[in-house]
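Next comes final37.pdb, a file with PDB, C-alpha atoms, pLDDT in the B column.
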ATOM      1  CA  MET O 149      -3.467   5.592  12.687  1.00 72.00           C
ATOM      2  CA  LYS O 150      -4.243   8.682  10.593  1.00 78.00           C
ATOM      3  CA  LYS O 151      -7.523   9.790   9.093  1.00 81.00           C
ATOM      4  CA  THR O 152      -7.817  10.324   5.346  1.00 82.00           C
ATOM      5  CA  TYR O 153      -9.913  12.845   3.466  1.00 80.00           C
ATOM      6  CA  ASN O 154     -10.590  11.300   0.066  1.00 86.00           C
ATOM      7  CA  GLY O 155     -11.716   7.730   0.721  1.00 90.00           C
ATOM      8  CA  LYS O 156     -14.741   6.437  -1.175  1.00 93.00           C
ATOM      9  CA  TRP O 157     -16.660   3.383  -2.319  1.00 96.00           C
ATOM     10  CA  ILE O 158     -15.547   1.759  -5.554  1.00 95.00           C
ATOM     11  CA  ILE O 159     -18.576   1.686  -7.848  1.00 95.00           C
ATOM     12  CA  GLU O 160     -18.767   1.195 -11.596  1.00 94.00           C
ATOM     13  CA  SER O 161     -22.022   1.151 -13.602  1.00 93.00           C
ATOM     14  CA  ASP O 162     -23.994   0.863 -10.335  1.00 95.00           C
ATOM     15  CA  ASN O 163     -21.898  -2.165  -9.342  1.00 97.00           C
ATOM     16  CA  PHE O 164     -20.426  -1.723  -5.860  1.00 97.00           C
ATOM     17  CA  PHE O 165     -17.355  -3.927  -5.589  1.00 97.00           C
ATOM     18  CA  GLY O 166     -14.889  -2.305  -3.206  1.00 96.00           C
ATOM     19  CA  VAL O 167     -13.570   0.574  -1.167  1.00 96.00           C
ATOM     20  CA  SER O 168     -10.658   2.993  -1.258  1.00 93.00           C
ATOM     21  CA  THR O 169      -9.433   4.368   2.065  1.00 91.00           C
ATOM     22  CA  GLY O 170      -7.872   7.451   0.540  1.00 87.00           C
ATOM     23  CA  TYR O 171      -4.526   8.978   1.445  1.00 75.00           C
ATOM     24  CA  ASP O 172      -3.076  11.812   3.467  1.00 71.00           C
ATOM     25  CA  PRO O 173       0.533  13.093   3.077  1.00 58.00           C
ATOM     26  CA  CYS O 174       1.771  11.957   6.485  1.00 52.00           C
ATOM     27  CA  ALA O 175       4.432   9.577   7.768  1.00 49.00           C
ATOM     28  CA  GLU O 176       1.872   6.851   8.506  1.00 52.00           C
ATOM     29  CA  HIS O 177       0.860   6.764   4.834  1.00 48.00           C
ATOM     30  CA  GLU O 178       4.394   7.059   3.435  1.00 56.00           C
ATOM     31  CA  CYS O 179       5.703   3.751   4.750  1.00 59.00           C
ATOM     32  CA  GLY O 180       3.461   1.344   2.844  1.00 67.00           C
ATOM     33  CA  ILE O 181       1.446  -1.534   4.292  1.00 80.00           C
ATOM     34  CA  LYS O 182       3.896  -4.444   4.286  1.00 80.00           C
ATOM     35  CA  SER O 183       3.151  -5.371   7.923  1.00 85.00           C
ATOM     36  CA  LEU O 184      -0.595  -5.240   7.326  1.00 88.00           C
ATOM     37  CA  GLN O 185      -0.423  -7.352   4.193  1.00 85.00           C
ATOM     38  CA  SER O 186       1.901  -9.890   5.802  1.00 87.00           C
ATOM     39  CA  SER O 187      -0.499 -10.315   8.724  1.00 90.00           C
ATOM     40  CA  ALA O 188      -3.436 -10.645   6.318  1.00 91.00           C
ATOM     41  CA  GLY O 189      -1.691 -13.503   4.522  1.00 88.00           C
ATOM     42  CA  ILE O 190      -0.737 -11.674   1.349  1.00 86.00           C
ATOM     43  CA  ILE O 191       1.950 -13.505  -0.606  1.00 80.00           C
ATOM     44  CA  ARG O 192       4.955 -11.339  -1.342  1.00 75.00           C
ATOM     45  CA  LEU O 193       5.463 -10.797  -5.046  1.00 71.00           C
ATOM     46  CA  THR O 194       9.089 -11.937  -4.868  1.00 63.00           C
ATOM     47  CA  ASP O 195       8.420 -15.002  -2.701  1.00 57.00           C
ATOM     48  CA  ILE O 196       8.663 -17.714  -5.350  1.00 49.00           C
ATOM     49  CA  LYS O 197       9.346 -20.924  -3.456  1.00 47.00           C
ATOM     50  CA  PRO O 198       8.533 -20.716   0.254  1.00 46.00           C
ATOM     51  CA  LYS O 199       9.835 -23.547   2.445  1.00 45.00           C
ATOM     52  CA  LYS O 200       6.291 -24.433   3.434  1.00 49.00           C
ATOM     53  CA  SER O 201       2.789 -23.731   2.202  1.00 56.00           C
ATOM     54  CA  TRP O 202       1.424 -20.225   2.709  1.00 55.00           C
ATOM     55  CA  PHE O 203      -2.099 -20.492   4.130  1.00 58.00           C
ATOM     56  CA  GLY O 204      -2.455 -23.794   2.272  1.00 60.00           C
ATOM     57  CA  LEU O 205      -1.144 -22.430  -1.015  1.00 58.00           C
ATOM     58  CA  LYS O 206       2.170 -23.829  -2.267  1.00 59.00           C
ATOM     59  CA  LYS O 207       4.126 -21.760  -4.725  1.00 56.00           C
ATOM     60  CA  THR O 208       6.364 -23.173  -7.423  1.00 58.00           C
ATOM     61  CA  GLU O 209       6.123 -20.091  -9.632  1.00 66.00           C
ATOM     62  CA  PRO O 210       5.057 -16.427  -9.220  1.00 72.00           C
ATOM     63  CA  ILE O 211       1.412 -15.838  -8.365  1.00 79.00           C
ATOM     64  CA  PHE O 212       0.024 -12.637  -9.867  1.00 85.00           C
ATOM     65  CA  GLY O 213      -3.113 -10.586  -9.329  1.00 89.00           C
ATOM     66  CA  LEU O 214      -5.967 -10.865  -6.870  1.00 92.00           C
ATOM     67  CA  GLU O 215      -5.172 -14.510  -6.085  1.00 89.00           C
ATOM     68  CA  ARG O 216      -1.929 -13.284  -4.552  1.00 88.00           C
ATOM     69  CA  THR O 217      -3.454 -10.357  -2.655  1.00 91.00           C
ATOM     70  CA  THR O 218      -6.539 -12.050  -1.185  1.00 93.00           C
ATOM     71  CA  ILE O 219      -6.962 -11.632   2.581  1.00 94.00           C
ATOM     72  CA  LYS O 220      -6.360 -15.160   3.878  1.00 92.00           C
ATOM     73  CA  ASN O 221      -5.896 -14.630   7.607  1.00 93.00           C
ATOM     74  CA  ILE O 222      -9.343 -13.618   8.855  1.00 93.00           C
ATOM     75  CA  THR O 223      -8.532 -13.734  12.586  1.00 92.00           C
ATOM     76  CA  LYS O 224      -7.866  -9.985  12.871  1.00 93.00           C
ATOM     77  CA  ILE O 225     -10.880  -8.714  10.944  1.00 95.00           C
ATOM     78  CA  VAL O 226     -12.853  -5.993  12.736  1.00 93.00           C
ATOM     79  CA  HIS O 227     -16.568  -5.799  12.011  1.00 95.00           C
ATOM     80  CA  GLY O 228     -19.447  -4.411  14.013  1.00 93.00           C
ATOM     81  CA  PHE O 229     -21.259  -1.304  15.181  1.00 92.00           C
ATOM     82  CA  ALA O 230     -19.708   1.594  17.085  1.00 87.00           C
ATOM     83  CA  GLU O 231     -21.790   4.069  19.064  1.00 86.00           C
ATOM     84  CA  MET O 232     -20.390   7.579  19.509  1.00 81.00           C
ATOM     85  CA  GLU O 233     -20.678   9.800  22.581  1.00 76.00           C
ATOM     86  CA  ASP O 234     -23.201  12.023  20.793  1.00 76.00           C
ATOM     87  CA  GLY O 235     -25.493   9.055  20.279  1.00 74.00           C
ATOM     88  CA  SER O 236     -24.713   8.546  16.603  1.00 82.00           C
ATOM     89  CA  GLY O 237     -23.601   5.166  15.354  1.00 89.00           C
ATOM     90  CA  TYR O 238     -21.356   3.758  12.650  1.00 92.00           C
ATOM     91  CA  HIS O 239     -21.000   0.402  10.994  1.00 95.00           C
ATOM     92  CA  ILE O 240     -17.316  -0.485  10.891  1.00 94.00           C
ATOM     93  CA  PHE O 241     -15.058  -2.830   8.988  1.00 96.00           C
ATOM     94  CA  GLY O 242     -11.296  -3.119   9.219  1.00 94.00           C
ATOM     95  CA  TYR O 243      -8.213  -5.115  10.044  1.00 94.00           C
ATOM     96  CA  ASN O 244      -6.281  -4.626  13.265  1.00 90.00           C
ATOM     97  CA  THR O 245      -2.915  -6.138  14.148  1.00 81.00           C
ATOM     98  CA  LYS O 246      -2.172  -4.032  17.211  1.00 79.00           C
ATOM     99  CA  GLY O 247      -3.693  -1.970  20.002  1.00 74.00           C
ATOM    100  CA  ARG O 248      -6.995  -0.198  20.334  1.00 76.00           C
ATOM    101  CA  ILE O 249      -8.649   1.363  17.303  1.00 74.00           C
ATOM    102  CA  PRO O 250      -9.794   4.967  17.944  1.00 70.00           C
ATOM    103  CA  MET O 251     -13.548   5.346  17.642  1.00 74.00           C
ATOM    104  CA  ASN O 252     -14.300   9.018  17.088  1.00 76.00           C
ATOM    105  CA  PHE O 253     -16.095   9.256  13.775  1.00 81.00           C
ATOM    106  CA  LYS O 254     -17.978  12.331  12.588  1.00 79.00           C
ATOM    107  CA  LYS O 255     -18.688  11.984   8.862  1.00 83.00           C
ATOM    108  CA  ASP O 256     -20.943   9.582   6.966  1.00 88.00           C
ATOM    109  CA  PHE O 257     -17.817   7.867   5.585  1.00 92.00           C
ATOM    110  CA  GLU O 258     -14.423   7.835   7.262  1.00 91.00           C
ATOM    111  CA  ALA O 259     -11.249   5.820   6.810  1.00 92.00           C
ATOM    112  CA  HIS O 260      -8.155   5.623   9.015  1.00 90.00           C
ATOM    113  CA  TRP O 261      -5.028   3.550   8.381  1.00 88.00           C
ATOM    114  CA  ASP O 262      -1.332   3.021   8.926  1.00 85.00           C
ATOM    115  CA  ASP O 263       1.181   0.308   8.045  1.00 84.00           C
ATOM    116  CA  GLU O 264      -0.438  -2.291  10.323  1.00 87.00           C
ATOM    117  CA  ARG O 265      -4.204  -1.685  10.349  1.00 89.00           C
ATOM    118  CA  PHE O 266      -7.154   0.122   8.815  1.00 92.00           C
ATOM    119  CA  ILE O 267     -10.714   0.946   9.762  1.00 93.00           C
ATOM    120  CA  ILE O 268     -13.634   2.082   7.604  1.00 95.00           C
ATOM    121  CA  ALA O 269     -16.651   3.628   9.310  1.00 93.00           C
ATOM    122  CA  SER O 270     -19.891   4.363   7.500  1.00 94.00           C
ATOM    123  CA  LYS O 271     -23.604   4.856   7.915  1.00 93.00           C
ATOM    124  CA  ASP O 272     -24.069   2.417   5.028  1.00 95.00           C
ATOM    125  CA  LYS O 273     -24.662  -0.878   6.805  1.00 95.00           C
ATOM    126  CA  GLU O 274     -25.196  -2.835   3.601  1.00 97.00           C
ATOM    127  CA  LYS O 275     -21.831  -1.987   2.050  1.00 97.00           C
ATOM    128  CA  ILE O 276     -19.911  -2.529   5.288  1.00 97.00           C
ATOM    129  CA  ASN O 277     -21.543  -5.918   5.783  1.00 97.00           C
ATOM    130  CA  GLU O 278     -20.832  -6.878   2.185  1.00 98.00           C
ATOM    131  CA  LEU O 279     -17.127  -6.134   2.662  1.00 97.00           C
ATOM    132  CA  ALA O 280     -17.034  -8.162   5.880  1.00 97.00           C
ATOM    133  CA  LYS O 281     -18.864 -11.101   4.313  1.00 98.00           C
ATOM    134  CA  ALA O 282     -16.394 -11.106   1.410  1.00 97.00           C
ATOM    135  CA  ALA O 283     -13.429 -10.962   3.790  1.00 97.00           C
ATOM    136  CA  TYR O 284     -14.645 -13.872   5.922  1.00 97.00           C
ATOM    137  CA  SER O 285     -15.159 -15.982   2.787  1.00 96.00           C
ATOM    138  CA  GLN O 286     -11.732 -15.041   1.345  1.00 95.00           C
ATOM    139  CA  ASP O 287     -13.371 -13.098  -1.465  1.00 97.00           C
ATOM    140  CA  LEU O 288     -11.756  -9.752  -0.576  1.00 97.00           C
ATOM    141  CA  ALA O 289      -8.394  -8.681  -1.984  1.00 95.00           C
ATOM    142  CA  PHE O 290      -6.042  -5.726  -2.085  1.00 91.00           C
ATOM    143  CA  THR O 291      -5.571  -4.360  -5.586  1.00 87.00           C
ATOM    144  CA  THR O 292      -2.060  -4.367  -7.007  1.00 70.00           C
ATOM    145  CA  GLY O 293       0.094  -1.367  -7.839  1.00 63.00           C
ATOM    146  CA  GLY O 294      -0.807   2.244  -8.441  1.00 62.00           C
ATOM    147  CA  ASN O 295      -1.713   1.728 -12.089  1.00 68.00           C
ATOM    148  CA  VAL O 296      -4.901  -0.185 -11.309  1.00 79.00           C
ATOM    149  CA  LEU O 297      -8.076   1.742 -10.427  1.00 84.00           C
ATOM    150  CA  GLU O 298      -6.674   5.191 -11.080  1.00 81.00           C
ATOM    151  CA  GLY O 299      -8.545   7.863  -9.169  1.00 83.00           C
ATOM    152  CA  TYR O 300      -8.693   5.725  -6.047  1.00 88.00           C
ATOM    153  CA  SER O 301      -5.913   6.089  -3.507  1.00 86.00           C
ATOM    154  CA  GLY O 302      -4.643   4.581  -0.281  1.00 87.00           C
ATOM    155  CA  ILE O 303      -5.618   1.015   0.544  1.00 91.00           C
ATOM    156  CA  ARG O 304      -7.920  -0.334  -2.169  1.00 93.00           C
ATOM    157  CA  LEU O 305      -9.944  -3.447  -1.464  1.00 95.00           C
ATOM    158  CA  VAL O 306     -12.158  -5.234  -3.984  1.00 96.00           C
ATOM    159  CA  ILE O 307     -14.674  -8.052  -3.767  1.00 97.00           C
ATOM    160  CA  LYS O 308     -13.241 -10.524  -6.233  1.00 97.00           C
ATOM    161  CA  SER O 309     -16.531 -12.109  -7.288  1.00 97.00           C
ATOM    162  CA  LYS O 310     -17.932  -8.665  -8.211  1.00 97.00           C
ATOM    163  CA  THR O 311     -14.809  -7.119  -9.751  1.00 96.00           C
ATOM    164  CA  PRO O 312     -15.006  -6.456 -13.529  1.00 95.00           C
ATOM    165  CA  GLN O 313     -12.825  -8.812 -15.550  1.00 96.00           C
ATOM    166  CA  TYR O 314     -10.737  -6.036 -17.077  1.00 93.00           C
ATOM    167  CA  ILE O 315      -9.617  -4.960 -13.576  1.00 93.00           C
ATOM    168  CA  ILE O 316      -8.748  -8.559 -12.677  1.00 94.00           C
ATOM    169  CA  ASP O 317      -6.649  -8.726 -15.858  1.00 93.00           C
ATOM    170  CA  GLU O 318      -4.997  -5.374 -15.095  1.00 91.00           C
ATOM    171  CA  CYS O 319      -4.018  -6.598 -11.615  1.00 90.00           C
ATOM    172  CA  LYS O 320      -2.318  -9.663 -13.113  1.00 90.00           C
ATOM    173  CA  LYS O 321      -0.536  -7.556 -15.716  1.00 89.00           C
ATOM    174  CA  ASP O 322       0.570  -4.992 -13.144  1.00 87.00           C
ATOM    175  CA  ASP O 323       1.933  -7.723 -10.871  1.00 86.00           C
ATOM    176  CA  ALA O 324       3.898  -9.251 -13.741  1.00 86.00           C
ATOM    177  CA  VAL O 325       5.456  -5.874 -14.568  1.00 86.00           C
ATOM    178  CA  GLN O 326       6.254  -5.152 -10.904  1.00 84.00           C
ATOM    179  CA  TYR O 327       7.766  -8.608 -10.533  1.00 86.00           C
ATOM    180  CA  GLU O 328      10.311  -7.842 -13.255  1.00 87.00           C
ATOM    181  CA  LEU O 329      10.989  -4.458 -11.653  1.00 88.00           C
ATOM    182  CA  LYS O 330      11.644  -6.024  -8.238  1.00 85.00           C
ATOM    183  CA  LYS O 331      13.948  -8.649  -9.742  1.00 86.00           C
ATOM    184  CA  LEU O 332      15.998  -5.917 -11.402  1.00 89.00           C
ATOM    185  CA  ASP O 333      16.008  -3.808  -8.238  1.00 91.00           C
ATOM    186  CA  LYS O 334      17.249  -6.758  -6.188  1.00 89.00           C
ATOM    187  CA  LYS O 335      19.993  -7.462  -8.721  1.00 91.00           C
ATOM    188  CA  ILE O 336      21.184  -3.836  -8.577  1.00 93.00           C
ATOM    189  CA  GLY O 337      21.002  -3.704  -4.764  1.00 94.00           C
ATOM    190  CA  VAL O 338      21.178   0.060  -4.423  1.00 95.00           C
ATOM    191  CA  GLN O 339      19.390   0.120  -1.032  1.00 95.00           C
ATOM    192  CA  SER O 340      22.025  -2.073   0.616  1.00 95.00           C
ATOM    193  CA  LYS O 341      24.752   0.185  -0.799  1.00 96.00           C
ATOM    194  CA  LEU O 342      23.038   3.230   0.722  1.00 96.00           C
ATOM    195  CA  ARG O 343      22.740   1.544   4.109  1.00 95.00           C
ATOM    196  CA  LYS O 344      26.395   0.494   4.111  1.00 95.00           C
ATOM    197  CA  ALA O 345      27.370   4.093   3.389  1.00 95.00           C
ATOM    198  CA  GLY O 346      25.206   5.374   6.259  1.00 95.00           C
ATOM    199  CA  CYS O 347      22.737   7.113   3.954  1.00 95.00           C
ATOM    200  CA  GLY O 348      19.493   6.759   5.898  1.00 95.00           C
ATOM    201  CA  PHE O 349      16.128   6.759   4.161  1.00 94.00           C
ATOM    202  CA  TYR O 350      12.463   6.100   4.887  1.00 90.00           C
ATOM    203  CA  THR O 351      11.801   4.813   1.398  1.00 88.00           C
ATOM    204  CA  CYS O 352      13.909   4.091  -1.674  1.00 93.00           C
ATOM    205  CA  THR O 353      11.425   2.561  -4.067  1.00 89.00           C
ATOM    206  CA  PRO O 354      12.134   1.566  -7.683  1.00 91.00           C
ATOM    207  CA  ARG O 355       9.955   2.791 -10.543  1.00 89.00           C
ATOM    208  CA  TRP O 356      10.157   2.284 -14.276  1.00 87.00           C
ATOM    209  CA  LYS O 357      11.663   5.415 -15.772  1.00 86.00           C
ATOM    210  CA  ASP O 358      10.050   5.127 -19.200  1.00 78.00           C
ATOM    211  CA  TYR O 359       7.176   3.445 -20.985  1.00 73.00           C
ATOM    212  CA  ASP O 360       9.530   0.906 -22.544  1.00 73.00           C
ATOM    213  CA  LYS O 361      10.319  -0.354 -19.018  1.00 77.00           C
ATOM    214  CA  LYS O 362      14.007  -0.718 -19.733  1.00 78.00           C
ATOM    215  CA  GLU O 363      15.411   1.768 -17.214  1.00 86.00           C
ATOM    216  CA  ILE O 364      14.521   2.359 -13.580  1.00 91.00           C
ATOM    217  CA  HIS O 365      14.942   5.157 -11.093  1.00 95.00           C
ATOM    218  CA  TRP O 366      14.131   5.326  -7.388  1.00 95.00           C
ATOM    219  CA  TRP O 367      11.810   7.478  -5.312  1.00 93.00           C
ATOM    220  CA  LEU O 368      13.939   8.566  -2.357  1.00 95.00           C
ATOM    221  CA  ASN O 369      12.590   9.905   0.942  1.00 92.00           C
ATOM    222  CA  PRO O 370      15.724  10.517   3.063  1.00 94.00           C
ATOM    223  CA  ARG O 371      15.742  10.631   6.853  1.00 92.00           C
ATOM    224  CA  ASP O 372      17.847  13.794   7.050  1.00 92.00           C
ATOM    225  CA  GLN O 373      15.733  16.149   4.974  1.00 89.00           C
ATOM    226  CA  LYS O 374      17.489  19.272   6.174  1.00 91.00           C
ATOM    227  CA  ASN O 375      20.578  18.223   4.292  1.00 93.00           C
ATOM    228  CA  ASN O 376      19.230  15.894   1.602  1.00 94.00           C
ATOM    229  CA  ASP O 377      16.654  16.295  -1.121  1.00 94.00           C
ATOM    230  CA  TYR O 378      13.794  13.927  -1.934  1.00 93.00           C
ATOM    231  CA  GLY O 379      12.407  12.838  -5.276  1.00 94.00           C
ATOM    232  CA  PHE O 380      13.274  10.510  -8.159  1.00 95.00           C
ATOM    233  CA  PHE O 381      16.968   9.766  -8.653  1.00 96.00           C
ATOM    234  CA  THR O 382      19.001   7.538 -10.940  1.00 95.00           C
ATOM    235  CA  TYR O 383      21.440   4.861  -9.815  1.00 95.00           C
ATOM    236  CA  ASP O 384      24.404   7.149 -10.505  1.00 96.00           C
ATOM    237  CA  GLU O 385      22.861   9.950  -8.431  1.00 96.00           C
ATOM    238  CA  LEU O 386      22.252   7.603  -5.505  1.00 97.00           C
ATOM    239  CA  ILE O 387      25.819   6.315  -5.657  1.00 96.00           C
ATOM    240  CA  GLU O 388      27.078   9.894  -5.698  1.00 95.00           C
ATOM    241  CA  TRP O 389      25.147  10.422  -2.479  1.00 96.00           C
ATOM    242  CA  THR O 390      27.077   7.582  -0.820  1.00 95.00           C
ATOM    243  CA  LYS O 391      30.253   9.537  -1.612  1.00 94.00           C
ATOM    244  CA  GLY O 392      28.968  12.705   0.025  1.00 92.00           C
ATOM    245  CA  LYS O 393      28.320  14.630  -3.168  1.00 91.00           C
ATOM    246  CA  GLY O 394      25.858  15.015  -6.010  1.00 93.00           C
ATOM    247  CA  SER O 395      22.359  16.381  -6.580  1.00 93.00           C
ATOM    248  CA  ILE O 396      20.726  14.766  -3.539  1.00 95.00           C
ATOM    249  CA  ILE O 397      22.769  16.804  -1.068  1.00 94.00           C
ATOM    250  CA  LEU O 398      21.271  20.241  -0.509  1.00 89.00           C
ATOM    251  CA  ASN O 399      23.764  23.076  -0.686  1.00 70.00           C
ATOM    252  CA  LYS O 400      23.720  26.070   1.608  1.00 48.00           C
ATOM    253  CA  ASP O 401      21.595  28.188  -0.712  1.00 55.00           C
ATOM    254  CA  ASP O 402      19.004  25.405  -1.041  1.00 47.00           C
ATOM    255  CA  LYS O 403      18.668  25.052   2.738  1.00 42.00           C
ATOM    256  CA  GLU O 404      18.252  28.810   3.215  1.00 40.00           C
ATOM    257  CA  THR O 405      15.572  28.916   0.524  1.00 40.00           C
ATOM    258  CA  ILE O 406      13.571  25.903   1.746  1.00 41.00           C
ATOM    259  CA  PHE O 407      13.902  26.326   5.486  1.00 36.00           C
TER     260      PHE O 407
END

Take the structure in this file and express it as structure tokens.
Amino acid sequence: MKKTYNGKWIIESDNFFGVSTGYDPCAEHECGIKSLQSSAGIIRLTDIKPKKSWFGLKKTEPIFGLERTTIKNITKIVHGFAEMEDGSGYHIFGYNTKGRIPMNFKKDFEAHWDDERFIIASKDKEKINELAKAAYSQDLAFTTGGNVLEGYSGIRLVIKSKTPQYIIDECKKDDAVQYELKKLDKKIGVQSKLRKAGCGFYTCTPRWKDYDKKEIHWWLNPRDQKNNDYGFFTYDELIEWTKGKGSIILNKDDKETIF
């Protein structure tokens, strides 16, 4: 679990309603938080008709916004007080699905996370307790997509009952847009084609290519980065990669320049 350097409280017009863990360019923060969200009871955007109810909620159509991303499984919530070796103490809130959480905090606000857990440590007892209270009452949710709450990065959690209405509306809108993107991505199936061709990758994530949201491209983070480039690529460029040619493959001059 890696520490971040730009986490902060989410406050608007003196209204505290959430927290952003921040982000650090490391492998732990590149892989997303699917395992964490699944454990927390977050409904997958593409899961339309599950065979049974999901934490008491039956789906017959897509569920968008904070209703979908509310933390429903509260059994793995971490909340309390941690005393450091130097005698200082921190109020902590988090979610842990595995192992021991490292307790070595030094700043007034710290956040650590990976794909399965997060921890927020702060001297501000009131805000930490407010987050925990919201989580235990199923009033705490992950925000959707990167287009909501710009300026806040990493894992972003909001207290639903205190969140401004325009942000609630943006989360629903963002989910609806991402839902269409995921449907199109699934129909195209480029990731399965890469796997069949032996083209390994950490992430191959679809994004809308233009504001009209008619074309998509994919953010590729390949496993073999000595021989393959990373970045946004079109479908045709990814298919070229499966044939051992194209712009993704670094040529000799590229490798000598970069490495």

query: Within 12 Å of (14.0, 12.5, 2.8), in the coordinates the file gives, what residues turn up when you count only C-alpha atoms, written out as a PyMOL selection string?
result: chain O and resi 175+178+347-352+367-380+396-398

query: Mind pulling up the distance from atom CA of O:Gly235 to atom CA of O:Leu279?
result: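 Atom-to-atom, atom CA of O:Leu279 and atom CA of O:Gly235 are spaced 24.7 Å apart.
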
message: Taking the file as I've supplied it (selection: the PyMOL selection byres ((chain O and resi 277) around 9)), which residues are included? Please answer as a VMD selection string.
response: chain O and resid 227 to 228 239 to 241 272 to 276 278 to 282

task: Can you work out the spacing between atom CA of O:Arg192 and atom CA of O:Ala269 in Å, to one decimal?
output: 28.4 Å

message: List as a ChimeraX atom specification the residues having at least one atom at most 12 Å from position (-20.5, 9.6, 9.3) as given in the file, counting only C-alpha atoms.
response: /O:230-232,236-240,251-259,268-273

message: Taking all atoms listed in the file into account, name the residue in O:Phe290, O:Phe229, O:Tyr300, O:Tyr153 that is nearest to O:Ile316.
response: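 Once distances to O:Ile316 are computed over all atoms listed in the file, the minimum belongs to O:Phe290.
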
- prompt: So how far away is atom CA of O:Ile303 from atom CA of O:Gly155, in Å?
  reply: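 If I compute the distance from atom CA of O:Gly155 to atom CA of O:Ile303, I get 9.1 Å.
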
message: Excluding O:Ile222 and its own-chain neighbours fewer than 6 positions away, which residues fall within 10 Å of it when counting all atoms listed in the file? Please give them as a list in words.
response: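 Result of the neighbour search: Ser187, Ala188, Gly189, Tyr243, Ala280, Ala283, Tyr284, Ser285 and Gln286 of chain O.
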